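> File follows, protein27.cif with mmCIF, N, CA and C atoms:
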data_start
loop_
_atom_site.label_atom_id
_atom_site.label_comp_id
_atom_site.auth_asym_id
_atom_site.auth_seq_id
_atom_site.Cartn_x
_atom_site.Cartn_y
_atom_site.Cartn_z
N MET O 1 13.68 6.27 2.23
CA MET O 1 12.73 5.69 3.16
C MET O 1 13.03 6.16 4.58
N ASN O 2 14.29 6.38 4.90
CA ASN O 2 14.65 6.80 6.25
C ASN O 2 14.27 8.25 6.53
N ASP O 3 14.01 9.03 5.49
CA ASP O 3 13.69 10.43 5.70
C ASP O 3 12.19 10.67 5.90
N LEU O 4 11.40 9.61 6.02
CA LEU O 4 9.97 9.77 6.30
C LEU O 4 9.76 10.11 7.77
N THR O 5 8.81 10.98 8.03
CA THR O 5 8.46 11.29 9.42
C THR O 5 7.66 10.13 10.00
N ARG O 6 7.49 10.16 11.30
CA ARG O 6 6.70 9.12 11.96
C ARG O 6 5.26 9.11 11.40
N ALA O 7 4.70 10.28 11.18
CA ALA O 7 3.34 10.38 10.64
C ALA O 7 3.26 9.80 9.23
N GLU O 8 4.29 10.05 8.42
CA GLU O 8 4.31 9.52 7.06
C GLU O 8 4.45 8.00 7.06
N LYS O 9 5.29 7.48 7.95
CA LYS O 9 5.43 6.02 8.07
C LYS O 9 4.11 5.40 8.49
N ASP O 10 3.44 6.03 9.45
CA ASP O 10 2.14 5.53 9.90
C ASP O 10 1.14 5.52 8.75
N ARG O 11 1.16 6.57 7.93
CA ARG O 11 0.23 6.65 6.79
C ARG O 11 0.54 5.59 5.74
N VAL O 12 1.83 5.34 5.48
CA VAL O 12 2.21 4.29 4.53
C VAL O 12 1.71 2.94 5.04
N ILE O 13 1.90 2.66 6.33
CA ILE O 13 1.44 1.41 6.92
C ILE O 13 -0.07 1.30 6.80
N GLN O 14 -0.78 2.37 7.08
CA GLN O 14 -2.24 2.36 6.97
C GLN O 14 -2.66 2.08 5.52
N MET O 15 -2.03 2.75 4.58
CA MET O 15 -2.36 2.55 3.17
C MET O 15 -2.03 1.12 2.72
N ALA O 16 -0.93 0.57 3.22
CA ALA O 16 -0.54 -0.79 2.84
C ALA O 16 -1.54 -1.82 3.36
N TRP O 17 -2.16 -1.54 4.51
CA TRP O 17 -3.15 -2.46 5.06
C TRP O 17 -4.49 -2.36 4.33
N GLU O 18 -4.77 -1.21 3.74
CA GLU O 18 -6.06 -1.04 3.04
C GLU O 18 -6.09 -1.91 1.79
N ASP O 19 -7.16 -2.63 1.60
CA ASP O 19 -7.28 -3.54 0.47
C ASP O 19 -7.29 -2.82 -0.87
N ARG O 20 -7.92 -1.68 -0.95
CA ARG O 20 -8.09 -1.02 -2.24
C ARG O 20 -6.98 -0.02 -2.58
N THR O 21 -6.04 0.17 -1.71
CA THR O 21 -4.93 1.08 -1.98
C THR O 21 -3.80 0.30 -2.63
N SER O 22 -3.45 0.68 -3.84
CA SER O 22 -2.41 -0.05 -4.58
C SER O 22 -1.01 0.42 -4.17
N PHE O 23 -0.03 -0.42 -4.49
CA PHE O 23 1.36 -0.04 -4.26
C PHE O 23 1.72 1.17 -5.12
N GLU O 24 1.10 1.28 -6.28
CA GLU O 24 1.36 2.42 -7.17
C GLU O 24 0.88 3.73 -6.52
N ALA O 25 -0.22 3.68 -5.78
CA ALA O 25 -0.71 4.87 -5.08
C ALA O 25 0.28 5.29 -3.99
N ILE O 26 0.85 4.31 -3.31
CA ILE O 26 1.85 4.60 -2.28
C ILE O 26 3.09 5.20 -2.95
N ARG O 27 3.47 4.66 -4.11
CA ARG O 27 4.62 5.20 -4.83
C ARG O 27 4.37 6.65 -5.24
N THR O 28 3.15 6.94 -5.70
CA THR O 28 2.80 8.29 -6.12
C THR O 28 2.92 9.29 -4.97
N GLN O 29 2.44 8.92 -3.81
CA GLN O 29 2.44 9.84 -2.68
C GLN O 29 3.75 9.91 -1.93
N PHE O 30 4.45 8.78 -1.81
CA PHE O 30 5.63 8.73 -0.93
C PHE O 30 6.92 8.32 -1.64
N SER O 31 6.86 8.06 -2.94
CA SER O 31 8.04 7.66 -3.73
C SER O 31 8.70 6.40 -3.19
N LEU O 32 7.90 5.45 -2.73
CA LEU O 32 8.41 4.18 -2.23
C LEU O 32 8.00 3.06 -3.18
N SER O 33 8.95 2.22 -3.56
CA SER O 33 8.64 1.07 -4.41
C SER O 33 7.94 0.01 -3.56
N PRO O 34 7.30 -0.97 -4.20
CA PRO O 34 6.69 -2.05 -3.41
C PRO O 34 7.71 -2.74 -2.50
N GLY O 35 8.94 -2.93 -2.97
CA GLY O 35 9.97 -3.54 -2.14
C GLY O 35 10.30 -2.71 -0.91
N GLU O 36 10.33 -1.39 -1.09
CA GLU O 36 10.60 -0.50 0.05
C GLU O 36 9.44 -0.51 1.04
N VAL O 37 8.21 -0.63 0.53
CA VAL O 37 7.04 -0.72 1.42
C VAL O 37 7.14 -2.00 2.24
N ILE O 38 7.51 -3.08 1.59
CA ILE O 38 7.65 -4.36 2.30
C ILE O 38 8.73 -4.26 3.38
N LYS O 39 9.86 -3.64 3.06
CA LYS O 39 10.92 -3.46 4.05
C LYS O 39 10.44 -2.61 5.23
N LEU O 40 9.71 -1.54 4.91
CA LEU O 40 9.17 -0.68 5.97
C LEU O 40 8.21 -1.46 6.86
N MET O 41 7.32 -2.22 6.25
CA MET O 41 6.36 -3.01 7.02
C MET O 41 7.09 -4.03 7.90
N ARG O 42 8.10 -4.68 7.36
CA ARG O 42 8.85 -5.68 8.12
C ARG O 42 9.54 -5.04 9.32
N ARG O 43 10.09 -3.84 9.12
CA ARG O 43 10.83 -3.16 10.18
C ARG O 43 9.90 -2.59 11.26
N GLU O 44 8.74 -2.11 10.86
CA GLU O 44 7.86 -1.39 11.79
C GLU O 44 6.82 -2.27 12.49
N MET O 45 6.60 -3.48 11.99
CA MET O 45 5.55 -4.34 12.55
C MET O 45 6.15 -5.53 13.28
N THR O 46 5.33 -6.16 14.11
CA THR O 46 5.77 -7.40 14.73
C THR O 46 5.84 -8.48 13.66
N ALA O 47 6.58 -9.52 13.92
CA ALA O 47 6.76 -10.60 12.94
C ALA O 47 5.42 -11.23 12.56
N SER O 48 4.56 -11.48 13.53
CA SER O 48 3.28 -12.12 13.23
C SER O 48 2.37 -11.19 12.42
N SER O 49 2.38 -9.90 12.72
CA SER O 49 1.57 -8.95 11.95
C SER O 49 2.09 -8.82 10.52
N PHE O 50 3.40 -8.82 10.36
CA PHE O 50 3.98 -8.74 9.03
C PHE O 50 3.59 -9.97 8.20
N LYS O 51 3.70 -11.16 8.81
CA LYS O 51 3.33 -12.38 8.09
C LYS O 51 1.86 -12.37 7.69
N MET O 52 1.00 -11.88 8.58
CA MET O 52 -0.42 -11.79 8.27
C MET O 52 -0.66 -10.81 7.11
N TRP O 53 0.03 -9.68 7.12
CA TRP O 53 -0.12 -8.69 6.05
C TRP O 53 0.37 -9.26 4.73
N ARG O 54 1.53 -9.92 4.73
CA ARG O 54 2.06 -10.49 3.48
C ARG O 54 1.12 -11.55 2.92
N LYS O 55 0.54 -12.34 3.79
CA LYS O 55 -0.41 -13.36 3.34
C LYS O 55 -1.62 -12.71 2.68
N ARG O 56 -2.07 -11.60 3.25
CA ARG O 56 -3.22 -10.87 2.69
C ARG O 56 -2.91 -10.23 1.35
N THR O 57 -1.73 -9.65 1.21
CA THR O 57 -1.44 -8.86 0.02
C THR O 57 -0.86 -9.68 -1.13
N THR O 58 -0.28 -10.82 -0.86
CA THR O 58 0.32 -11.63 -1.92
C THR O 58 -0.75 -12.09 -2.90
N GLY O 59 -0.59 -11.69 -4.15
CA GLY O 59 -1.52 -12.09 -5.19
C GLY O 59 -2.81 -11.30 -5.25
N ARG O 60 -3.00 -10.33 -4.37
CA ARG O 60 -4.23 -9.53 -4.36
C ARG O 60 -4.18 -8.53 -5.52
N THR O 61 -5.16 -8.60 -6.40
CA THR O 61 -5.13 -7.76 -7.60
C THR O 61 -5.30 -6.28 -7.28
N THR O 62 -6.00 -5.94 -6.22
CA THR O 62 -6.22 -4.53 -5.91
C THR O 62 -4.95 -3.83 -5.43
N LYS O 63 -3.94 -4.57 -5.04
CA LYS O 63 -2.69 -3.96 -4.60
C LYS O 63 -1.78 -3.64 -5.77
N HIS O 64 -2.11 -4.11 -6.96
CA HIS O 64 -1.28 -3.90 -8.16
C HIS O 64 -2.17 -3.36 -9.27
N ASP O 65 -1.96 -2.12 -9.68
CA ASP O 65 -2.80 -1.48 -10.69
C ASP O 65 -2.88 -2.26 -11.99
N GLN O 66 -1.77 -2.78 -12.49
CA GLN O 66 -1.79 -3.50 -13.76
C GLN O 66 -2.62 -4.77 -13.67
N ARG O 67 -2.49 -5.51 -12.60
CA ARG O 67 -3.30 -6.72 -12.43
C ARG O 67 -4.78 -6.36 -12.29
N PHE O 68 -5.05 -5.29 -11.55
CA PHE O 68 -6.44 -4.86 -11.34
C PHE O 68 -7.08 -4.47 -12.67
N GLU O 69 -6.36 -3.67 -13.45
CA GLU O 69 -6.89 -3.22 -14.75
C GLU O 69 -7.13 -4.40 -15.67
N ALA O 70 -6.22 -5.37 -15.68
CA ALA O 70 -6.38 -6.53 -16.54
C ALA O 70 -7.61 -7.35 -16.15
N GLU O 71 -7.86 -7.44 -14.84
CA GLU O 71 -8.99 -8.23 -14.37
C GLU O 71 -10.32 -7.52 -14.52
N HIS O 72 -10.35 -6.21 -14.28
CA HIS O 72 -11.61 -5.46 -14.27
C HIS O 72 -11.81 -4.62 -15.52
N GLN O 73 -10.82 -4.47 -16.35
CA GLN O 73 -10.89 -3.75 -17.62
C GLN O 73 -11.55 -2.39 -17.50
N GLY O 74 -11.18 -1.65 -16.46
CA GLY O 74 -11.64 -0.28 -16.30
C GLY O 74 -13.09 -0.12 -15.87
N SER O 75 -13.74 -1.20 -15.45
CA SER O 75 -15.15 -1.11 -15.08
C SER O 75 -15.37 -0.60 -13.66
N VAL O 76 -14.32 -0.49 -12.88
CA VAL O 76 -14.42 -0.05 -11.49
C VAL O 76 -13.60 1.22 -11.32
N VAL O 77 -14.15 2.21 -10.65
CA VAL O 77 -13.45 3.45 -10.39
C VAL O 77 -12.42 3.22 -9.30
N ARG O 78 -11.16 3.63 -9.55
CA ARG O 78 -10.10 3.48 -8.56
C ARG O 78 -10.00 4.75 -7.73
N ARG O 79 -9.84 4.61 -6.43
CA ARG O 79 -9.68 5.74 -5.53
C ARG O 79 -8.71 5.33 -4.44
N PHE O 80 -7.70 6.15 -4.18
CA PHE O 80 -6.75 5.76 -3.13
C PHE O 80 -6.64 6.78 -2.02
N ARG O 81 -7.45 7.80 -2.03
CA ARG O 81 -7.43 8.78 -0.93
C ARG O 81 -8.71 8.66 -0.12
N CYS O 82 -8.54 8.58 1.18
CA CYS O 82 -9.72 8.57 2.02
C CYS O 82 -10.19 10.01 2.20
N SER O 83 -11.43 10.18 2.60
CA SER O 83 -12.01 11.51 2.70
C SER O 83 -11.34 12.37 3.76
N SER O 84 -10.71 11.75 4.75
CA SER O 84 -10.06 12.53 5.82
C SER O 84 -8.60 12.82 5.53
N GLN O 85 -8.07 12.32 4.42
CA GLN O 85 -6.66 12.53 4.10
C GLN O 85 -6.43 13.91 3.53
N ARG O 86 -5.35 14.53 3.97
CA ARG O 86 -4.99 15.84 3.47
C ARG O 86 -4.11 15.70 2.23
N GLY O 87 -4.10 16.78 1.45
CA GLY O 87 -3.17 16.83 0.34
C GLY O 87 -3.61 16.27 -0.92
#
Here is the file; what I need is its structure written in the form of structure tokens.


Amino acid sequence: MNDLTRAEKDRVIQMAWEDRTSFEAIRTQFSLSPGEVIKLMRREMTASSFKMWRKRTTGRTTKHDQRFEAEHQGSVVRRFRCSSQRG
């Protein structure tokens, strides 16, 4: 986690805030577990912003692929890259 560039950290934070980007998508692109994402968010954000983010993401099915699949049974197309993202 410490070897991420500033731009990569910013992108992880942006992806973590997006409702439809799962933790699994972040793991695929940056090799960070959900716990490491939480630690990064806690370290890089103010306390109030972190608390607001945790409140938003706790229990949200779109942040966890397995929960999302169980709830939607493959009826919704998953996408985790925005059109302006490289790579």

> What is the atom C of Thr57 in chain O-CA of Asp3 in chain O distance in Å, reported with one decimal?

25.7 Å

> Could you write out as a list of chain:residue names the residues that the PyMOL selection byres ((chain O and resi 4-14) around 8) matches in the shown file?

O:Met1, O:Asn2, O:Asp3, O:Met15, O:Ala16, O:Trp17, O:Glu18, O:Asp19, O:Thr21, O:Ile26, O:Phe30, O:Val37, O:Leu40, O:Met41

> Which value, in Å to one decimal, gives the distance between atom N of Arg20 in chain O and atom N of Ile38 in chain O?

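The value is 15.7 Å.
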
> May I ask for the distance between atom C of Leu32 in chain O and atom N of Thr46 in chain O, given in Å to one decimal place?

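Separation between atom C of Leu32 in chain O and atom N of Thr46 in chain O: 19.8 Å.
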
> Extract the full set of helix (DSSP H, G or I) residues from range 8-64 of chain O according to DSSP on the backbone, and format it as a PyMOL selection string.

chain O and resi 8-17+23-30+34-44+47-57+61-63
